[in-house]
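J.: File name target14.cif; file contents mmCIF, C-alpha atoms; full text below.
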data_coords
loop_
_atom_site.group_PDB
_atom_site.id
_atom_site.type_symbol
_atom_site.label_atom_id
_atom_site.label_comp_id
_atom_site.auth_asym_id
_atom_site.auth_seq_id
_atom_site.Cartn_x
_atom_site.Cartn_y
_atom_site.Cartn_z
ATOM 1 C CA MET A 890 127.320 85.434 115.592
ATOM 2 C CA SER A 891 125.738 88.120 117.756
ATOM 3 C CA LYS A 892 127.433 89.126 120.955
ATOM 4 C CA HIS A 893 125.602 87.952 124.046
ATOM 5 C CA LEU A 894 124.408 90.806 126.249
ATOM 6 C CA GLU A 895 123.248 90.434 129.811
ATOM 7 C CA ARG A 896 119.513 90.995 130.068
ATOM 8 C CA GLY A 897 118.290 93.730 132.393
ATOM 9 C CA ILE A 898 114.872 94.281 133.923
ATOM 10 C CA LEU A 899 113.600 95.531 130.552
ATOM 11 C CA SER A 900 113.753 93.311 127.474
ATOM 12 C CA ASP A 901 113.925 94.491 123.868
ATOM 13 C CA SER A 902 110.173 94.037 123.504
ATOM 14 C CA ASP A 903 109.567 96.147 126.629
ATOM 15 C CA LEU A 904 111.653 98.984 125.216
ATOM 16 C CA LYS A 905 109.461 99.090 122.108
ATOM 17 C CA LYS A 906 106.555 100.359 124.196
ATOM 18 C CA PRO A 907 106.463 104.198 124.227
ATOM 19 C CA TRP A 908 105.796 104.569 127.962
ATOM 20 C CA ASN A 909 108.616 102.197 128.899
ATOM 21 C CA ARG A 910 110.998 104.114 126.654
ATOM 22 C CA VAL A 911 110.039 107.372 128.380
ATOM 23 C CA VAL A 912 110.633 105.871 131.822
ATOM 24 C CA TYR A 913 113.908 104.338 130.636
ATOM 25 C CA GLY A 914 115.025 107.713 129.252
ATOM 26 C CA ILE A 915 114.241 109.420 132.569
ATOM 27 C CA MET A 916 116.284 106.791 134.407
ATOM 28 C CA ILE A 917 119.251 107.336 132.066
ATOM 29 C CA LEU A 918 118.939 111.100 132.550
ATOM 30 C CA CYS A 919 118.978 110.710 136.339
ATOM 31 C CA ILE A 920 122.080 108.514 136.115
ATOM 32 C CA LEU A 921 123.837 111.091 133.938
ATOM 33 C CA VAL A 922 122.957 113.867 136.388
ATOM 34 C CA MET A 923 124.387 111.765 139.246
ATOM 35 C CA ILE A 924 127.591 111.141 137.273
ATOM 36 C CA VAL A 925 128.010 114.851 136.541
ATOM 37 C CA THR A 926 127.384 115.889 140.162
ATOM 38 C CA MET A 927 129.980 113.364 141.380
ATOM 39 C CA LEU A 928 132.653 114.125 138.785
ATOM 40 C CA TYR A 929 132.264 117.909 138.739
ATOM 41 C CA PRO A 930 133.846 118.607 142.180
ATOM 42 C CA ILE A 931 136.810 116.329 141.396
ATOM 43 C CA LEU A 932 137.432 117.879 137.975
ATOM 44 C CA MET A 933 136.909 121.404 139.273
ATOM 45 C CA THR A 934 139.443 120.785 142.057
ATOM 46 C CA MET A 935 141.965 119.400 139.570
ATOM 47 C CA PHE A 936 141.556 122.231 137.041
ATOM 48 C CA ASN A 937 141.671 124.929 139.739
ATOM 49 C CA GLY A 938 144.887 123.346 140.964
ATOM 50 C CA LEU A 939 146.356 123.817 137.491
ATOM 51 C CA LYS A 940 145.373 127.495 137.231
ATOM 52 C CA THR A 941 147.219 130.545 138.427
ATOM 53 C CA ASN A 942 145.979 132.114 141.638
ATOM 54 C CA GLN A 943 144.622 135.057 139.645
ATOM 55 C CA GLU A 944 142.591 132.727 137.438
ATOM 56 C CA VAL A 945 141.066 130.979 140.452
ATOM 57 C CA ASN A 946 139.921 134.306 141.913
ATOM 58 C CA THR A 947 138.494 135.731 138.681
ATOM 59 C CA PHE A 948 134.737 136.191 138.226
ATOM 60 C CA PRO A 949 132.910 134.755 136.431
ATOM 61 C CA PRO A 950 134.957 131.590 136.860
ATOM 62 C CA HIS A 951 135.854 129.366 133.932
ATOM 63 C CA PHE A 952 136.164 125.600 134.012
ATOM 64 C CA PHE A 953 139.423 124.950 132.119
ATOM 65 C CA PRO A 954 142.669 126.764 132.922
ATOM 66 C CA GLU A 955 144.086 129.193 130.398
ATOM 67 C CA THR A 956 147.601 127.932 131.123
ATOM 68 C CA TRP A 957 148.354 124.518 132.582
ATOM 69 C CA ASN A 958 150.667 125.118 135.541
ATOM 70 C CA TRP A 959 151.938 121.648 136.418
ATOM 71 C CA SER A 960 154.530 123.187 138.727
ATOM 72 C CA ASN A 961 151.713 123.781 141.205
ATOM 73 C CA PHE A 962 151.842 120.096 142.125
ATOM 74 C CA LYS A 963 155.514 120.372 143.104
ATOM 75 C CA GLU A 964 154.820 123.489 145.158
ATOM 76 C CA GLY A 965 151.846 121.852 146.848
ATOM 77 C CA TRP A 966 153.840 118.710 147.636
ATOM 78 C CA GLU A 967 156.558 120.804 149.280
ATOM 79 C CA TYR A 968 154.180 123.128 151.153
ATOM 80 C CA ILE A 969 153.529 120.586 153.920
ATOM 81 C CA ASP A 970 155.210 117.312 154.799
ATOM 82 C CA LEU A 971 152.709 115.094 152.993
ATOM 83 C CA PRO A 972 154.815 111.880 153.267
ATOM 84 C CA MET A 973 154.955 112.162 157.063
ATOM 85 C CA PHE A 974 151.226 112.740 157.395
ATOM 86 C CA LEU A 975 150.563 109.936 154.923
ATOM 87 C CA LYS A 976 152.752 107.589 157.003
ATOM 88 C CA ASN A 977 150.791 108.473 160.152
ATOM 89 C CA THR A 978 147.498 107.833 158.387
ATOM 90 C CA LEU A 979 148.693 104.439 157.172
ATOM 91 C CA LEU A 980 149.870 103.552 160.695
ATOM 92 C CA VAL A 981 146.416 104.359 162.029
ATOM 93 C CA PHE A 982 144.839 102.283 159.261
ATOM 94 C CA VAL A 983 147.089 99.232 159.796
ATOM 95 C CA GLY A 984 146.628 99.333 163.572
ATOM 96 C CA ASN A 985 142.855 99.703 163.299
ATOM 97 C CA LEU A 986 142.695 96.828 160.825
ATOM 98 C CA PHE A 987 144.759 94.560 163.089
ATOM 99 C CA MET A 988 142.620 95.354 166.142
ATOM 100 C CA THR A 989 139.464 94.734 164.136
ATOM 101 C CA ILE A 990 140.614 91.348 162.829
ATOM 102 C CA PHE A 991 142.222 90.194 166.084
ATOM 103 C CA VAL A 992 139.850 91.504 168.762
ATOM 104 C CA LEU A 993 136.535 91.799 166.940
ATOM 105 C CA GLY A 994 137.299 88.742 164.795
ATOM 106 C CA LEU A 995 137.821 86.517 167.823
ATOM 107 C CA ALA A 996 134.787 88.008 169.574
ATOM 108 C CA SER A 997 132.468 87.520 166.598
ATOM 109 C CA PHE A 998 133.847 84.012 165.999
ATOM 110 C CA SER A 999 133.176 83.128 169.641
ATOM 111 C CA ILE A 1000 129.583 84.346 169.490
ATOM 112 C CA SER A 1001 128.965 82.731 166.113
ATOM 113 C CA ARG A 1002 130.652 79.323 166.467
ATOM 114 C CA LEU A 1003 131.630 78.614 170.072
ATOM 115 C CA LYS A 1004 128.205 79.361 171.522
ATOM 116 C CA VAL A 1005 129.563 80.903 174.703
ATOM 117 C CA PRO A 1006 127.156 81.222 177.666
ATOM 118 C CA TYR A 1007 124.497 83.910 177.139
ATOM 119 C CA HIS A 1008 125.752 84.445 173.602
ATOM 120 C CA ARG A 1009 122.353 85.652 172.397
ATOM 121 C CA ALA A 1010 122.129 88.192 175.226
ATOM 122 C CA ILE A 1011 125.638 89.411 174.412
ATOM 123 C CA TYR A 1012 124.752 89.642 170.732
ATOM 124 C CA PHE A 1013 121.624 91.716 171.330
ATOM 125 C CA PHE A 1014 123.470 93.940 173.792
ATOM 126 C CA ILE A 1015 126.087 94.718 171.139
ATOM 127 C CA LEU A 1016 123.297 95.248 168.623
ATOM 128 C CA MET A 1017 121.679 97.801 170.931
ATOM 129 C CA THR A 1018 124.854 99.886 171.006
ATOM 130 C CA LEU A 1019 124.342 100.691 167.322
ATOM 131 C CA PHE A 1020 121.456 102.951 168.358
ATOM 132 C CA ILE A 1021 123.696 105.065 170.619
ATOM 133 C CA PRO A 1022 124.884 108.233 168.816
ATOM 134 C CA ALA A 1023 128.648 108.262 168.351
ATOM 135 C CA SER A 1024 128.862 111.826 169.689
ATOM 136 C CA SER A 1025 127.461 110.736 173.075
ATOM 137 C CA TYR A 1026 130.430 108.504 173.935
ATOM 138 C CA MET A 1027 133.146 110.654 172.373
ATOM 139 C CA ILE A 1028 133.798 112.570 175.603
ATOM 140 C CA PRO A 1029 133.892 109.394 177.784
ATOM 141 C CA ASN A 1030 136.362 107.875 175.322
ATOM 142 C CA PHE A 1031 138.522 110.992 175.515
ATOM 143 C CA VAL A 1032 138.467 110.973 179.340
ATOM 144 C CA ASN A 1033 139.350 107.265 179.477
ATOM 145 C CA LEU A 1034 142.250 107.721 177.065
ATOM 146 C CA LYS A 1035 143.485 110.680 179.103
ATOM 147 C CA ASP A 1036 143.381 108.645 182.328
ATOM 148 C CA LEU A 1037 145.297 105.845 180.616
ATOM 149 C CA GLY A 1038 147.916 108.270 179.319
ATOM 150 C CA LEU A 1039 147.216 107.372 175.683
ATOM 151 C CA LEU A 1040 146.579 110.845 174.323
ATOM 152 C CA ASN A 1041 148.935 111.945 171.555
ATOM 153 C CA THR A 1042 149.610 108.283 170.699
ATOM 154 C CA PHE A 1043 148.222 106.039 167.991
ATOM 155 C CA TRP A 1044 146.658 103.863 170.694
ATOM 156 C CA ALA A 1045 143.974 106.543 170.896
ATOM 157 C CA PHE A 1046 142.832 105.138 167.532
ATOM 158 C CA TRP A 1047 143.776 101.484 167.866
ATOM 159 C CA LEU A 1048 142.080 100.862 171.217
ATOM 160 C CA PRO A 1049 138.618 102.171 170.211
ATOM 161 C CA ALA A 1050 138.927 100.238 166.927
ATOM 162 C CA GLY A 1051 138.520 97.009 168.892
ATOM 163 C CA ALA A 1052 135.049 98.062 170.068
ATOM 164 C CA SER A 1053 133.143 98.688 166.829
ATOM 165 C CA ALA A 1054 129.705 97.084 167.041
ATOM 166 C CA TYR A 1055 129.110 97.515 163.308
ATOM 167 C CA TYR A 1056 132.269 95.644 162.295
ATOM 168 C CA PHE A 1057 131.507 92.985 164.918
ATOM 169 C CA LEU A 1058 128.076 92.336 163.429
ATOM 170 C CA LEU A 1059 129.452 92.230 159.887
ATOM 171 C CA MET A 1060 131.974 89.553 160.815
ATOM 172 C CA LYS A 1061 129.491 87.549 162.885
ATOM 173 C CA ASN A 1062 127.084 87.586 159.958
ATOM 174 C CA PHE A 1063 129.865 86.265 157.718
ATOM 175 C CA PHE A 1064 130.952 83.543 160.179
ATOM 176 C CA ASP A 1065 127.333 82.404 160.463
ATOM 177 C CA GLY A 1066 127.429 81.602 156.750
ATOM 178 C CA ILE A 1067 130.437 79.257 157.005
ATOM 179 C CA HIS A 1068 129.411 75.597 157.135
ATOM 180 C CA PRO A 1069 129.827 74.284 160.706
ATOM 181 C CA GLU A 1070 130.958 70.863 159.384
ATOM 182 C CA ILE A 1071 134.336 72.422 158.561
ATOM 183 C CA PHE A 1072 134.975 73.342 162.202
ATOM 184 C CA GLU A 1073 133.593 70.025 163.466
ATOM 185 C CA ALA A 1074 136.052 68.171 161.252
ATOM 186 C CA ALA A 1075 138.865 70.329 162.599
ATOM 187 C CA ARG A 1076 137.875 69.507 166.182
ATOM 188 C CA ILE A 1077 137.869 65.792 165.360
ATOM 189 C CA ASP A 1078 141.425 66.193 164.020
ATOM 190 C CA GLY A 1079 142.421 67.754 167.344
ATOM 191 C CA ALA A 1080 142.498 71.426 166.360
ATOM 192 C CA SER A 1081 141.864 73.918 169.155
ATOM 193 C CA GLU A 1082 139.387 76.754 168.793
ATOM 194 C CA ILE A 1083 142.118 79.306 168.252
ATOM 195 C CA ASN A 1084 143.683 77.112 165.564
ATOM 196 C CA SER A 1085 140.279 76.746 163.923
ATOM 197 C CA TYR A 1086 140.008 80.515 163.810
ATOM 198 C CA ILE A 1087 143.524 81.155 162.495
ATOM 199 C CA ARG A 1088 143.782 78.241 160.029
ATOM 200 C CA ILE A 1089 140.181 77.946 158.855
ATOM 201 C CA ALA A 1090 138.093 81.027 159.631
ATOM 202 C CA VAL A 1091 140.688 83.647 158.702
ATOM 203 C CA PRO A 1092 141.555 82.226 155.225
ATOM 204 C CA LEU A 1093 137.852 81.822 154.436
ATOM 205 C CA SER A 1094 137.138 85.379 155.613
ATOM 206 C CA VAL A 1095 139.346 87.225 153.145
ATOM 207 C CA PRO A 1096 136.299 88.829 151.410
ATOM 208 C CA ILE A 1097 134.891 90.284 154.637
ATOM 209 C CA PHE A 1098 138.345 91.369 155.807
ATOM 210 C CA ALA A 1099 138.908 93.109 152.477
ATOM 211 C CA THR A 1100 135.554 94.857 152.845
ATOM 212 C CA LEU A 1101 136.433 95.949 156.385
ATOM 213 C CA ALA A 1102 139.822 97.144 155.174
ATOM 214 C CA ILE A 1103 138.088 99.461 152.707
ATOM 215 C CA PHE A 1104 135.784 100.838 155.397
ATOM 216 C CA ILE A 1105 138.659 101.301 157.856
ATOM 217 C CA PHE A 1106 140.848 102.944 155.229
ATOM 218 C CA SER A 1107 138.069 105.366 154.359
ATOM 219 C CA GLY A 1108 137.572 106.223 158.019
ATOM 220 C CA ALA A 1109 141.283 106.730 158.711
ATOM 221 C CA TRP A 1110 141.693 108.820 155.561
ATOM 222 C CA ASN A 1111 138.699 111.128 156.035
ATOM 223 C CA ASP A 1112 138.447 111.570 159.812
ATOM 224 C CA TRP A 1113 139.913 114.833 161.059
ATOM 225 C CA PHE A 1114 137.837 115.659 164.152
ATOM 226 C CA TRP A 1115 138.880 112.794 166.440
ATOM 227 C CA PRO A 1116 142.602 113.095 165.520
ATOM 228 C CA SER A 1117 142.442 116.832 166.227
ATOM 229 C CA LEU A 1118 141.192 116.013 169.746
ATOM 230 C CA VAL A 1119 143.655 113.285 170.733
ATOM 231 C CA LEU A 1120 146.802 114.335 168.841
ATOM 232 C CA HIS A 1121 148.709 117.388 170.041
ATOM 233 C CA SER A 1122 152.009 117.252 168.172
ATOM 234 C CA GLU A 1123 152.518 117.921 164.477
ATOM 235 C CA GLU A 1124 154.623 114.809 163.877
ATOM 236 C CA LYS A 1125 151.633 112.646 164.903
ATOM 237 C CA TYR A 1126 148.976 114.365 162.780
ATOM 238 C CA THR A 1127 147.054 112.298 160.259
ATOM 239 C CA LEU A 1128 146.614 113.550 156.718
ATOM 240 C CA ALA A 1129 143.056 114.834 157.171
ATOM 241 C CA THR A 1130 143.979 116.764 160.321
ATOM 242 C CA ALA A 1131 147.021 118.313 158.648
ATOM 243 C CA ILE A 1132 144.944 119.312 155.614
ATOM 244 C CA TYR A 1133 142.366 120.994 157.846
ATOM 245 C CA LYS A 1134 144.904 122.829 160.008
ATOM 246 C CA TYR A 1135 147.467 123.844 157.404
ATOM 247 C CA VAL A 1136 145.498 124.029 154.147
ATOM 248 C CA ILE A 1137 141.780 124.613 154.718
ATOM 249 C CA SER A 1138 142.339 127.034 157.606
ATOM 250 C CA ALA A 1139 145.300 128.812 155.992
ATOM 251 C CA ARG A 1140 144.554 132.445 155.115
ATOM 252 C CA SER A 1141 147.777 133.535 153.413
ATOM 253 C CA MET A 1142 147.986 130.520 151.111
ATOM 254 C CA ASP A 1143 147.257 130.815 147.385
ATOM 255 C CA ASN A 1144 143.952 129.204 146.450
ATOM 256 C CA ASN A 1145 145.380 127.363 143.460
ATOM 257 C CA ILE A 1146 147.925 125.611 145.725
ATOM 258 C CA LYS A 1147 145.086 124.721 148.089
ATOM 259 C CA PHE A 1148 143.216 123.052 145.248
ATOM 260 C CA THR A 1149 146.382 121.268 144.150
ATOM 261 C CA ILE A 1150 146.917 119.735 147.597
ATOM 262 C CA LEU A 1151 143.242 118.812 147.912
ATOM 263 C CA PHE A 1152 143.327 117.051 144.551
ATOM 264 C CA MET A 1153 146.436 115.074 145.508
ATOM 265 C CA VAL A 1154 144.626 113.969 148.666
ATOM 266 C CA MET A 1155 141.600 112.916 146.592
ATOM 267 C CA VAL A 1156 143.560 110.602 144.310
ATOM 268 C CA PRO A 1157 144.461 107.699 146.699
ATOM 269 C CA PRO A 1158 140.839 106.943 147.785
ATOM 270 C CA ILE A 1159 139.775 106.983 144.137
ATOM 271 C CA LEU A 1160 142.524 104.495 143.278
ATOM 272 C CA VAL A 1161 141.510 102.288 146.218
ATOM 273 C CA PHE A 1162 137.942 102.272 144.930
ATOM 274 C CA LEU A 1163 138.993 101.389 141.391
ATOM 275 C CA VAL A 1164 141.248 98.553 142.575
ATOM 276 C CA PHE A 1165 138.908 97.085 145.191
ATOM 277 C CA GLN A 1166 135.519 97.921 143.686
ATOM 278 C CA ARG A 1167 134.620 94.211 143.583
ATOM 279 C CA PHE A 1168 134.816 94.060 147.377
ATOM 280 C CA ILE A 1169 132.989 97.377 147.721
ATOM 281 C CA MET A 1170 130.064 96.026 145.707
ATOM 282 C CA ARG A 1171 130.129 92.881 147.810
ATOM 283 C CA SER A 1172 129.905 95.008 150.945
ATOM 284 C CA VAL A 1173 126.444 96.142 149.860
ATOM 285 C CA SER A 1174 125.100 92.636 150.539
ATOM 286 C CA LEU A 1175 127.297 92.127 153.611
ATOM 287 C CA SER A 1176 125.974 95.328 155.154
ATOM 288 C CA ALA A 1177 122.508 93.756 155.474
ATOM 289 C CA VAL A 1178 123.215 92.308 158.910
ATOM 290 C CA LYS A 1179 120.949 89.474 159.924
ATOM 291 C CA GLY A 1180 120.235 88.237 163.425
#
For the file at hand, write its structure as structure tokens.
T.:
Amino acid sequence: MSKHLERGILSDSDLKKPWNRVVYGIMILCILVMIVTMLYPILMTMFNGLKTNQEVNTFPPHFFPETWNWSNFKEGWEYIDLPMFLKNTLLVFVGNLFMTIFVLGLASFSISRLKVPYHRAIYFFILMTLFIPASSYMIPNFVNLKDLGLLNTFWAFWLPAGASAYYFLLMKNFFDGIHPEIFEAARIDGASEINSYIRIAVPLSVPIFATLAIFIFSGAWNDWFWPSLVLHSEEKYTLATAIYKYVISARSMDNNIKFTILFMVMVPPILVFLVFQRFIMRSVSLSAVKG
């Protein structure tokens, strides 16, 4: 019994035509080139982290190390306080996620299901803010946080997280797809609007929350510019800021140890992608926000 294979856009009969086979071969070649260009920096960082410093600086460079120096990982781990910076990054991520679900979740649920007065005007106003460059309101955000005395605190991340128009529109789009009969039945049973959100909307919104969690984690992990502006003490630095200040900008540090630390920082996002890739693929369709 032959194994069933999922049919693609080209059938077996299509692939028998010479021109289709040429086009198909070009597509496969392009995919292979993309795979190589994405994997090469990761593998090069890992192998350079396993070389001696002399090997890293030799020319012409070679891909594989002559000797595998696994002790570089221990030295890189001890060079900076990675656990502390990792803890700060996770605190930023958890706080941003909570503010997104609590503040933006309630706001998008109100616009989607409660039909508050002028809800369409509010929706289009929030939609318009997507066309404002993020760099144009960075300075006003900094001044507001300074006036509130929130600089050098994690509230400098958590407070702006509750005002993301993109995440608001993603959640509103998802809430629009939930059948309204569910909420009408809850109202008949005497449930308040807040109970409808907590007991009905939130459990049904696990896919969109998981998608947002991936986006928020990626932002908290990779962002170094905003943390470098609002954080002034080393014990509050996020991982990306610490890497930039103490690794990328370091002049007296061995290059092989730099590559070792950079590779260790690369690993967690890769693991997150591998574990939650189902939600990442789902986010492709969720990102097509409808009105």
J.: Nearest to Ser1094 of chain A: which of A:Ile1071, A:Val1136, A:Ile990, A:Leu1040 is it, counting only C-alpha atoms?
T.: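 Checking each of A:Ile1071, A:Val1136, A:Ile990, A:Leu1040 against Ser1094 of chain A, counting only C-alpha atoms, the winner is A:Ile990.
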J.: For the structure provided, state which residues fall under the PyMOL selection byres ((chain A and resi 949-953) around 9), and present them as a list in words.
T.: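 This file gives the following for the PyMOL selection byres ((chain A and resi 949-953) around 9): Leu932, Met933, Phe936, Asn937, Leu939, Lys940, Glu944, Val945, Asn946, Thr947, Phe948, Pro954, Glu955, Thr956 and Trp957 of chain A.
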J.: Just so the selection is clear, what residues does the PyMOL selection byres ((chain A and resi 985) around 8) cover here, as a ChimeraX atom specification?
T.: /A:981-984,986-989,1046-1047,1050-1051,1105
J.: What is the atom CA of Thr1149 of chain A to atom CA of Ser1117 of chain A distance in Å?
T.: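 Result for atom CA of Thr1149 of chain A versus atom CA of Ser1117 of chain A: 22.9 Å, one decimal.
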J.: Might you pull out every residue within 12 Å of segment 1156-1158 of chain A, with all atoms listed in the file counted and same-chain residues fewer than 2 positions away left off, and present them as a PyMOL selection string?
T.: chain A and resi 931-932+934-935+975+979+1103-1111+1128+1149-1154+1160-1166
J.: Would you mind reading off the distance between atom CA of Met1060 of chain A and atom CA of Gly994 of chain A, one decimal, in Å?
T.: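 Separation of atom CA of Met1060 of chain A and atom CA of Gly994 of chain A: 6.7 Å.
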J.: Could you jot down the atom CA of Leu995 of chain A to atom CA of Asn1041 of chain A separation for me, Å, one decimal place?
T.: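 Separation of atom CA of Leu995 of chain A and atom CA of Asn1041 of chain A: 28.0 Å.
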J.: Which of these residues is nearest to Ala1090 of chain A, using all atoms listed in the file: A:Met916, A:Ala1075, A:Ile1146, A:Leu1034?
T.: A:Ala1075
J.: So, counting all atoms listed in the file, which residue among A:Asn977, A:Phe998, A:Glu1082, A:Gly965 is closest to Gly1066 of chain A?
T.: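 Between A:Asn977, A:Phe998, A:Glu1082, A:Gly965, the residue approaching Gly1066 of chain A most closely is A:Phe998.
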J.: Quick one: axis-aligned box around all listed atoms of segment 941-949 of chain A, 5 Å on every side, centre and edge lengths in Å to one decimal, written as AutoDock Vina command-line options.
T.:
--center_x 140.1 --center_y 133.4 --center_z 139.2 --size_x 24.3 --size_y 15.6 --size_z 15.5
J.: Using all atoms listed in the file, can you tell me which of A:Val992, A:Leu1058, A:Gly914, A:Leu1118 comes closest to Ile1097 of chain A?
T.: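 Among the listed residues, the smallest separation from Ile1097 of chain A belongs to A:Leu1058.
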